[in-house]
Amino acid sequence: MKEKLTGVNSVMEALKGRRKIDKIYMLENRQGKRMEELIYLAQKKGVYVQYADKPRLDRMSPGVNHQGVIALVENYNYAQLDEVLQLARDRGEDPFIIILDGLEDPQNLGSIIRTAECAGVHGIVIPRHGSAEVSEGVVRASAGAVEHILIVQETNLVNTIKNLKNMGLWVAGADMEAKKDYFSISFPAPLALVIGSEGKGIRRLVKENCDIMVKIPMAGKIKSLNASVAAALLIYEVLRQRKQGGD
């Protein structure tokens, strides 16, 4: 069964990524530099572009701002954890993995994927159940970054964390009840960083298996951040410390 991707960014990044694209539907008479680039990439990859009028595109993706571009693609192919660790080895870097514990909002998942890809994170682990999956909405929210980062689905996050620890990774979790602020500690490497779900945070058993717990200090009346904002702060603090340590 084919999935639909809509929007210029999503389709453009899919053309640059690993997914097989069956066909692209494009609004007839649609012009512009971005469209020319998209057509060039499609031709280079051997993907057929079919032109269609707006009513047909609207029927294909009702209620979605498709921007005049819809692609039929293969289902998203999740990676294996070994691939993530191999990628780190290939880059000559200490592994940096994000573990998302039950994140249910596709917008948040997409935003975190985008941040992680931009920061050079090697991979993201999500649970197989009780979590948002890679979908058209996640692809759009990630601005197509989904196509360029390894995402792993695991049945049991606790077992995954234990396996990573056995392989030498440290595991840090974000929790607003933690004693230490995130910028007051040195994040060890290699590292897996755990971000909890919206509202509920990290589950107890997952938390108990973290080596380090950190919090983001709150000085205002609102006592928690959006999950994607919290993830961005922590990801870039890890990146800052790694860059500083490499100077």
# chains A, B, ... in the order shown; residues from 1 in each chain; ligands from 1
call {"tool": "residues_around", "arguments": {"residues": "A:Asn77", "least_positions_apart": "5", "cutoff": "10 Å", "atoms": "only C-alpha atoms", "output": "list in words"}}
result
Arg18, Arg19, Val134, Glu147, Leu150, Ile151 and Val152 of chain A
call {"tool": "residues_around", "arguments": {"residues": "stretch 91-107 of chain A", "least_positions_apart": "5", "cutoff": "8 Å", "atoms": "only C-alpha atoms", "output": "PDB file with all heavy atoms, in the first residue's frame"}}
result
ATOM      1  N   VAL A  84      21.833   2.476  13.454  1.00  0.00           N
ATOM      2  CA  VAL A  84      22.113   3.762  14.096  1.00  0.00           C
ATOM      3  C   VAL A  84      23.528   3.769  14.663  1.00  0.00           C
ATOM      4  O   VAL A  84      24.298   4.723  14.467  1.00  0.00           O
ATOM      5  CB  VAL A  84      21.081   4.053  15.204  1.00  0.00           C
ATOM      6  CG1 VAL A  84      21.436   5.335  15.940  1.00  0.00           C
ATOM      7  CG2 VAL A  84      19.666   4.141  14.613  1.00  0.00           C
ATOM      8  N   LEU A  85      23.887   2.698  15.359  1.00  0.00           N
ATOM      9  CA  LEU A  85      25.221   2.605  15.951  1.00  0.00           C
ATOM     10  C   LEU A  85      26.300   2.518  14.871  1.00  0.00           C
ATOM     11  O   LEU A  85      27.387   3.089  15.022  1.00  0.00           O
ATOM     12  CB  LEU A  85      25.285   1.386  16.873  1.00  0.00           C
ATOM     13  CG  LEU A  85      24.306   1.431  18.065  1.00  0.00           C
ATOM     14  CD1 LEU A  85      24.290   0.100  18.788  1.00  0.00           C
ATOM     15  CD2 LEU A  85      24.666   2.567  19.010  1.00  0.00           C
ATOM     16  N   ALA A 116      16.558  17.074  15.551  1.00  0.00           N
ATOM     17  CA  ALA A 116      17.570  16.025  15.684  1.00  0.00           C
ATOM     18  C   ALA A 116      18.395  15.884  14.412  1.00  0.00           C
ATOM     19  O   ALA A 116      19.624  15.735  14.465  1.00  0.00           O
ATOM     20  CB  ALA A 116      16.890  14.699  16.031  1.00  0.00           C
ATOM     21  N   VAL A 121      22.079  14.239  15.139  1.00  0.00           N
ATOM     22  CA  VAL A 121      21.754  13.054  15.944  1.00  0.00           C
ATOM     23  C   VAL A 121      21.776  11.822  15.042  1.00  0.00           C
ATOM     24  O   VAL A 121      21.338  11.869  13.894  1.00  0.00           O
ATOM     25  CB  VAL A 121      20.368  13.229  16.607  1.00  0.00           C
ATOM     26  CG1 VAL A 121      19.882  11.926  17.212  1.00  0.00           C
ATOM     27  CG2 VAL A 121      20.426  14.330  17.655  1.00  0.00           C
ATOM     28  N   HIS A 122      22.281  10.710  15.571  1.00  0.00           N
ATOM     29  CA  HIS A 122      22.443   9.519  14.737  1.00  0.00           C
ATOM     30  C   HIS A 122      21.148   8.741  14.529  1.00  0.00           C
ATOM     31  O   HIS A 122      21.016   8.039  13.516  1.00  0.00           O
ATOM     32  CB  HIS A 122      23.505   8.616  15.350  1.00  0.00           C
ATOM     33  CG  HIS A 122      24.842   9.279  15.457  1.00  0.00           C
ATOM     34  ND1 HIS A 122      25.378   9.682  16.654  1.00  0.00           N
ATOM     35  CD2 HIS A 122      25.728   9.657  14.505  1.00  0.00           C
ATOM     36  CE1 HIS A 122      26.555  10.259  16.437  1.00  0.00           C
ATOM     37  NE2 HIS A 122      26.780  10.269  15.145  1.00  0.00           N
ATOM     38  N   GLY A 123      20.213   8.843  15.459  1.00  0.00           N
ATOM     39  CA  GLY A 123      18.969   8.123  15.291  1.00  0.00           C
ATOM     40  C   GLY A 123      17.985   8.426  16.401  1.00  0.00           C
ATOM     41  O   GLY A 123      18.342   8.965  17.449  1.00  0.00           O
ATOM     42  N   ILE A 124      16.734   8.087  16.144  1.00  0.00           N
ATOM     43  CA  ILE A 124      15.641   8.307  17.095  1.00  0.00           C
ATOM     44  C   ILE A 124      14.940   6.978  17.328  1.00  0.00           C
ATOM     45  O   ILE A 124      14.664   6.235  16.372  1.00  0.00           O
ATOM     46  CB  ILE A 124      14.641   9.347  16.551  1.00  0.00           C
ATOM     47  CG1 ILE A 124      15.315  10.709  16.408  1.00  0.00           C
ATOM     48  CG2 ILE A 124      13.413   9.450  17.449  1.00  0.00           C
ATOM     49  CD1 ILE A 124      14.468  11.758  15.726  1.00  0.00           C
ATOM     50  N   VAL A 125      14.654   6.687  18.584  1.00  0.00           N
ATOM     51  CA  VAL A 125      13.933   5.458  18.944  1.00  0.00           C
ATOM     52  C   VAL A 125      12.558   5.832  19.478  1.00  0.00           C
ATOM     53  O   VAL A 125      12.434   6.690  20.354  1.00  0.00           O
ATOM     54  CB  VAL A 125      14.701   4.653  20.014  1.00  0.00           C
ATOM     55  CG1 VAL A 125      13.907   3.407  20.407  1.00  0.00           C
ATOM     56  CG2 VAL A 125      16.090   4.262  19.505  1.00  0.00           C
ATOM     57  N   ILE A 126      11.525   5.196  18.941  1.00  0.00           N
ATOM     58  CA  ILE A 126      10.169   5.402  19.424  1.00  0.00           C
ATOM     59  C   ILE A 126       9.558   4.042  19.753  1.00  0.00           C
ATOM     60  O   ILE A 126       9.945   3.024  19.166  1.00  0.00           O
ATOM     61  CB  ILE A 126       9.280   6.140  18.395  1.00  0.00           C
ATOM     62  CG1 ILE A 126       9.144   5.328  17.096  1.00  0.00           C
ATOM     63  CG2 ILE A 126       9.825   7.532  18.105  1.00  0.00           C
ATOM     64  CD1 ILE A 126       8.188   5.939  16.082  1.00  0.00           C
ATOM     65  N   PRO A 127       8.618   3.993  20.699  1.00  0.00           N
ATOM     66  CA  PRO A 127       7.969   2.707  21.002  1.00  0.00           C
ATOM     67  C   PRO A 127       7.021   2.283  19.889  1.00  0.00           C
ATOM     68  O   PRO A 127       6.457   3.123  19.181  1.00  0.00           O
ATOM     69  CB  PRO A 127       7.210   2.993  22.302  1.00  0.00           C
ATOM     70  CG  PRO A 127       7.064   4.462  22.374  1.00  0.00           C
ATOM     71  CD  PRO A 127       8.181   5.069  21.585  1.00  0.00           C
ATOM     72  N   HIS A 129       4.184   0.848  20.268  1.00  0.00           N
ATOM     73  CA  HIS A 129       2.800   1.078  20.657  1.00  0.00           C
ATOM     74  C   HIS A 129       2.711   2.312  21.551  1.00  0.00           C
ATOM     75  O   HIS A 129       3.645   2.637  22.285  1.00  0.00           O
ATOM     76  CB  HIS A 129       2.245  -0.140  21.401  1.00  0.00           C
ATOM     77  CG  HIS A 129       2.388  -1.427  20.629  1.00  0.00           C
ATOM     78  ND1 HIS A 129       1.652  -1.691  19.494  1.00  0.00           N
ATOM     79  CD2 HIS A 129       3.191  -2.505  20.829  1.00  0.00           C
ATOM     80  CE1 HIS A 129       1.989  -2.882  19.027  1.00  0.00           C
ATOM     81  NE2 HIS A 129       2.924  -3.396  19.810  1.00  0.00           N
ATOM     82  N   GLY A 130       1.581   2.986  21.507  1.00  0.00           N
ATOM     83  CA  GLY A 130       1.356   4.143  22.369  1.00  0.00           C
ATOM     84  C   GLY A 130       2.165   5.359  21.996  1.00  0.00           C
ATOM     85  O   GLY A 130       2.508   6.177  22.855  1.00  0.00           O
ATOM     86  N   SER A 131       2.467   5.498  20.726  1.00  0.00           N
ATOM     87  CA  SER A 131       3.281   6.621  20.270  1.00  0.00           C
ATOM     88  C   SER A 131       2.854   7.026  18.866  1.00  0.00           C
ATOM     89  O   SER A 131       2.321   6.212  18.104  1.00  0.00           O
ATOM     90  CB  SER A 131       4.755   6.224  20.267  1.00  0.00           C
ATOM     91  OG  SER A 131       5.552   7.174  19.594  1.00  0.00           O
ATOM     92  N   ALA A 132       3.094   8.276  18.531  1.00  0.00           N
ATOM     93  CA  ALA A 132       2.902   8.707  17.147  1.00  0.00           C
ATOM     94  C   ALA A 132       3.886   7.956  16.261  1.00  0.00           C
ATOM     95  O   ALA A 132       5.005   7.650  16.674  1.00  0.00           O
ATOM     96  CB  ALA A 132       3.123  10.215  17.031  1.00  0.00           C
ATOM     97  N   GLU A 133       3.469   7.629  15.050  1.00  0.00           N
ATOM     98  CA  GLU A 133       4.325   6.966  14.080  1.00  0.00           C
ATOM     99  C   GLU A 133       4.647   7.936  12.958  1.00  0.00           C
ATOM    100  O   GLU A 133       4.073   9.023  12.871  1.00  0.00           O
ATOM    101  CB  GLU A 133       3.623   5.719  13.517  1.00  0.00           C
ATOM    102  CG  GLU A 133       3.302   4.667  14.568  1.00  0.00           C
ATOM    103  CD  GLU A 133       2.645   3.449  13.962  1.00  0.00           C
ATOM    104  OE1 GLU A 133       2.039   3.574  12.874  1.00  0.00           O
ATOM    105  OE2 GLU A 133       2.750   2.363  14.557  1.00  0.00           O
ATOM    106  N   VAL A 134       5.562   7.541  12.104  1.00  0.00           N
ATOM    107  CA  VAL A 134       5.872   8.378  10.946  1.00  0.00           C
ATOM    108  C   VAL A 134       4.680   8.347   9.996  1.00  0.00           C
ATOM    109  O   VAL A 134       4.301   7.301   9.475  1.00  0.00           O
ATOM    110  CB  VAL A 134       7.144   7.892  10.236  1.00  0.00           C
ATOM    111  CG1 VAL A 134       7.382   8.718   8.962  1.00  0.00           C
ATOM    112  CG2 VAL A 134       8.344   8.012  11.160  1.00  0.00           C
ATOM    113  N   SER A 135       4.085   9.507   9.794  1.00  0.00           N
ATOM    114  CA  SER A 135       2.901   9.654   8.959  1.00  0.00           C
ATOM    115  C   SER A 135       3.088  10.886   8.082  1.00  0.00           C
ATOM    116  O   SER A 135       4.091  11.608   8.205  1.00  0.00           O
ATOM    117  CB  SER A 135       1.654   9.836   9.838  1.00  0.00           C
ATOM    118  OG  SER A 135       1.784  11.032  10.608  1.00  0.00           O
ATOM    119  N   GLY A 137       1.543  13.663   8.301  1.00  0.00           N
ATOM    120  CA  GLY A 137       1.606  14.839   9.162  1.00  0.00           C
ATOM    121  C   GLY A 137       2.966  15.008   9.816  1.00  0.00           C
ATOM    122  O   GLY A 137       3.471  16.124   9.957  1.00  0.00           O
ATOM    123  N   VAL A 138       3.580  13.900  10.219  1.00  0.00           N
ATOM    124  CA  VAL A 138       4.917  13.956  10.825  1.00  0.00           C
ATOM    125  C   VAL A 138       5.944  14.392   9.789  1.00  0.00           C
ATOM    126  O   VAL A 138       6.835  15.197  10.079  1.00  0.00           O
ATOM    127  CB  VAL A 138       5.287  12.579  11.426  1.00  0.00           C
ATOM    128  CG1 VAL A 138       6.753  12.543  11.838  1.00  0.00           C
ATOM    129  CG2 VAL A 138       4.395  12.279  12.626  1.00  0.00           C
ATOM    130  N   ALA A 141       5.548  18.109   9.339  1.00  0.00           N
ATOM    131  CA  ALA A 141       6.031  18.842  10.515  1.00  0.00           C
ATOM    132  C   ALA A 141       7.554  18.828  10.600  1.00  0.00           C
ATOM    133  O   ALA A 141       8.163  19.742  11.157  1.00  0.00           O
ATOM    134  CB  ALA A 141       5.421  18.262  11.787  1.00  0.00           C
ATOM    135  N   LEU A 157      10.958  -0.237  25.466  1.00  0.00           N
ATOM    136  CA  LEU A 157      11.999   0.777  25.622  1.00  0.00           C
ATOM    137  C   LEU A 157      12.937   0.469  26.777  1.00  0.00           C
ATOM    138  O   LEU A 157      14.129   0.795  26.724  1.00  0.00           O
ATOM    139  CB  LEU A 157      11.368   2.160  25.832  1.00  0.00           C
ATOM    140  CG  LEU A 157      10.693   2.819  24.637  1.00  0.00           C
ATOM    141  CD1 LEU A 157      10.326   4.260  24.974  1.00  0.00           C
ATOM    142  CD2 LEU A 157      11.580   2.774  23.396  1.00  0.00           C
ATOM    143  N   LEU A 169      26.658   2.921  26.325  1.00  0.00           N
ATOM    144  CA  LEU A 169      26.033   4.235  26.274  1.00  0.00           C
ATOM    145  C   LEU A 169      25.535   4.655  27.650  1.00  0.00           C
ATOM    146  O   LEU A 169      25.093   3.829  28.450  1.00  0.00           O
ATOM    147  CB  LEU A 169      24.843   4.246  25.297  1.00  0.00           C
ATOM    148  CG  LEU A 169      25.187   4.479  23.820  1.00  0.00           C
ATOM    149  CD1 LEU A 169      25.736   3.215  23.184  1.00  0.00           C
ATOM    150  CD2 LEU A 169      23.967   5.000  23.056  1.00  0.00           C
ATOM    151  N   ALA A 189      29.469  10.867  26.994  1.00  0.00           N
ATOM    152  CA  ALA A 189      29.357  10.284  25.660  1.00  0.00           C
ATOM    153  C   ALA A 189      29.950   8.874  25.713  1.00  0.00           C
ATOM    154  O   ALA A 189      30.889   8.637  26.459  1.00  0.00           O
ATOM    155  CB  ALA A 189      30.090  11.145  24.645  1.00  0.00           C
ATOM    156  N   PRO A 190      29.371   7.967  24.937  1.00  0.00           N
ATOM    157  CA  PRO A 190      28.196   8.087  24.062  1.00  0.00           C
ATOM    158  C   PRO A 190      26.904   8.219  24.870  1.00  0.00           C
ATOM    159  O   PRO A 190      26.871   7.821  26.034  1.00  0.00           O
ATOM    160  CB  PRO A 190      28.219   6.780  23.265  1.00  0.00           C
ATOM    161  CG  PRO A 190      28.926   5.813  24.156  1.00  0.00           C
ATOM    162  CD  PRO A 190      29.963   6.611  24.896  1.00  0.00           C
ATOM    163  N   LEU A 191      25.856   8.765  24.240  1.00  0.00           N
ATOM    164  CA  LEU A 191      24.673   9.165  25.000  1.00  0.00           C
ATOM    165  C   LEU A 191      23.370   8.810  24.299  1.00  0.00           C
ATOM    166  O   LEU A 191      23.230   8.970  23.089  1.00  0.00           O
ATOM    167  CB  LEU A 191      24.712  10.678  25.230  1.00  0.00           C
ATOM    168  CG  LEU A 191      23.565  11.284  26.033  1.00  0.00           C
ATOM    169  CD1 LEU A 191      23.644  10.862  27.499  1.00  0.00           C
ATOM    170  CD2 LEU A 191      23.563  12.804  25.918  1.00  0.00           C
ATOM    171  N   ALA A 192      22.409   8.351  25.118  1.00  0.00           N
ATOM    172  CA  ALA A 192      21.009   8.263  24.695  1.00  0.00           C
ATOM    173  C   ALA A 192      20.222   9.228  25.575  1.00  0.00           C
ATOM    174  O   ALA A 192      20.324   9.171  26.801  1.00  0.00           O
ATOM    175  CB  ALA A 192      20.475   6.847  24.842  1.00  0.00           C
ATOM    176  N   LEU A 193      19.480  10.112  24.959  1.00  0.00           N
ATOM    177  CA  LEU A 193      18.705  11.129  25.676  1.00  0.00           C
ATOM    178  C   LEU A 193      17.229  10.786  25.589  1.00  0.00           C
ATOM    179  O   LEU A 193      16.682  10.641  24.490  1.00  0.00           O
ATOM    180  CB  LEU A 193      18.973  12.503  25.057  1.00  0.00           C
ATOM    181  CG  LEU A 193      18.187  13.689  25.609  1.00  0.00           C
ATOM    182  CD1 LEU A 193      18.531  13.947  27.072  1.00  0.00           C
ATOM    183  CD2 LEU A 193      18.465  14.941  24.762  1.00  0.00           C
ATOM    184  N   VAL A 194      16.575  10.660  26.747  1.00  0.00           N
ATOM    185  CA  VAL A 194      15.164  10.257  26.792  1.00  0.00           C
ATOM    186  C   VAL A 194      14.277  11.478  27.032  1.00  0.00           C
ATOM    187  O   VAL A 194      14.482  12.223  27.997  1.00  0.00           O
ATOM    188  CB  VAL A 194      14.913   9.218  27.908  1.00  0.00           C
ATOM    189  CG1 VAL A 194      13.458   8.724  27.851  1.00  0.00           C
ATOM    190  CG2 VAL A 194      15.874   8.043  27.786  1.00  0.00           C
ATOM    191  N   ILE A 195      13.300  11.647  26.161  1.00  0.00           N
ATOM    192  CA  ILE A 195      12.302  12.720  26.287  1.00  0.00           C
ATOM    193  C   ILE A 195      10.945  12.067  26.512  1.00  0.00           C
ATOM    194  O   ILE A 195      10.555  11.148  25.774  1.00  0.00           O
ATOM    195  CB  ILE A 195      12.250  13.594  25.010  1.00  0.00           C
ATOM    196  CG1 ILE A 195      13.637  14.138  24.661  1.00  0.00           C
ATOM    197  CG2 ILE A 195      11.240  14.730  25.187  1.00  0.00           C
ATOM    198  CD1 ILE A 195      14.206  15.099  25.650  1.00  0.00           C
ATOM    199  N   GLY A 196      10.203  12.540  27.497  1.00  0.00           N
ATOM    200  CA  GLY A 196       8.915  11.937  27.824  1.00  0.00           C
ATOM    201  C   GLY A 196       7.773  12.466  26.981  1.00  0.00           C
ATOM    202  O   GLY A 196       7.932  13.371  26.157  1.00  0.00           O
ATOM    203  N   SER A 197       6.607  11.919  27.223  1.00  0.00           N
ATOM    204  CA  SER A 197       5.408  12.302  26.481  1.00  0.00           C
ATOM    205  C   SER A 197       4.852  13.627  26.992  1.00  0.00           C
ATOM    206  O   SER A 197       5.227  14.109  28.058  1.00  0.00           O
ATOM    207  CB  SER A 197       4.342  11.211  26.619  1.00  0.00           C
ATOM    208  OG  SER A 197       3.917  11.110  27.963  1.00  0.00           O
ATOM    209  N   GLU A 198       3.955  14.197  26.220  1.00  0.00           N
ATOM    210  CA  GLU A 198       3.321  15.452  26.572  1.00  0.00           C
ATOM    211  C   GLU A 198       2.486  15.268  27.840  1.00  0.00           C
ATOM    212  O   GLU A 198       1.596  14.432  27.875  1.00  0.00           O
ATOM    213  CB  GLU A 198       2.420  15.944  25.430  1.00  0.00           C
ATOM    214  CG  GLU A 198       3.096  16.041  24.073  1.00  0.00           C
ATOM    215  CD  GLU A 198       3.018  14.760  23.266  1.00  0.00           C
ATOM    216  OE1 GLU A 198       2.644  13.713  23.836  1.00  0.00           O
ATOM    217  OE2 GLU A 198       3.350  14.797  22.072  1.00  0.00           O
ATOM    218  N   GLY A 201       5.270  12.892  30.877  1.00  0.00           N
ATOM    219  CA  GLY A 201       6.699  12.756  31.074  1.00  0.00           C
ATOM    220  C   GLY A 201       7.187  11.335  30.839  1.00  0.00           C
ATOM    221  O   GLY A 201       6.527  10.524  30.171  1.00  0.00           O
ATOM    222  N   ILE A 202       8.339  11.001  31.417  1.00  0.00           N
ATOM    223  CA  ILE A 202       8.933   9.681  31.257  1.00  0.00           C
ATOM    224  C   ILE A 202       8.266   8.697  32.221  1.00  0.00           C
ATOM    225  O   ILE A 202       8.056   9.008  33.390  1.00  0.00           O
ATOM    226  CB  ILE A 202      10.453   9.739  31.528  1.00  0.00           C
ATOM    227  CG1 ILE A 202      11.129  10.706  30.543  1.00  0.00           C
ATOM    228  CG2 ILE A 202      11.080   8.362  31.419  1.00  0.00           C
ATOM    229  CD1 ILE A 202      12.592  10.946  30.844  1.00  0.00           C
ATOM    230  N   ARG A 203       7.952   7.516  31.736  1.00  0.00           N
ATOM    231  CA  ARG A 203       7.335   6.498  32.590  1.00  0.00           C
ATOM    232  C   ARG A 203       8.310   6.025  33.677  1.00  0.00           C
ATOM    233  O   ARG A 203       9.523   6.092  33.507  1.00  0.00           O
ATOM    234  CB  ARG A 203       6.877   5.316  31.746  1.00  0.00           C
ATOM    235  CG  ARG A 203       5.668   5.617  30.865  1.00  0.00           C
ATOM    236  CD  ARG A 203       5.390   4.467  29.934  1.00  0.00           C
ATOM    237  NE  ARG A 203       6.497   4.262  29.011  1.00  0.00           N
ATOM    238  CZ  ARG A 203       6.666   3.149  28.302  1.00  0.00           C
ATOM    239  NH1 ARG A 203       5.815   2.136  28.435  1.00  0.00           N
ATOM    240  NH2 ARG A 203       7.684   3.025  27.477  1.00  0.00           N
TER     241      ARG A 203
END
call {"tool": "select_by_dssp", "arguments": {"residues": "stretch 27-233 of chain A", "states": "helix (DSSP H, G or I)", "output": "PyMOL selection string"}}
result
chain A and resi 33-45+54-60+81-91+106-118+136-141+145-148+157-166+182-184+204-208+227-233
call {"tool": "closest_residue", "arguments": {"among": "A:Gly17, A:Gly173, A:Gly7, A:Gly168", "to": "A:Glu136", "atoms": "only C-alpha atoms"}}
result
A:Gly7
call {"tool": "closest_residue", "arguments": {"among": "A:Lys2, A:Arg34, A:Lys44, A:Lys16", "to": "A:Ala71", "atoms": "only C-alpha atoms"}}
result
A:Lys2
call {"tool": "closest_residue", "arguments": {"among": "A:Val229, A:Met12, A:Lys180, A:Lys215", "to": "A:Val139", "atoms": "only C-alpha atoms"}}
result
A:Met12
call {"tool": "select_by_dssp", "arguments": {"residues": "stretch 75-239 of chain A", "states": "strand (DSSP E)", "output": "PyMOL selection string"}}
result
chain A and resi 96-101+123-127+150-154+170-174+180-181+191-196+212-215
call {"tool": "residues_around", "arguments": {"residues": "A:Asn108", "least_positions_apart": "6", "cutoff": "8 Å", "atoms": "only C-alpha atoms", "output": "NGL selection string"}}
result
:A and (141 or 226-228)
call {"tool": "atom_distance", "arguments": {"atom1": "atom CA of A:Glu117", "atom2": "atom CA of A:Tyr182"}}
result
20.9 Å
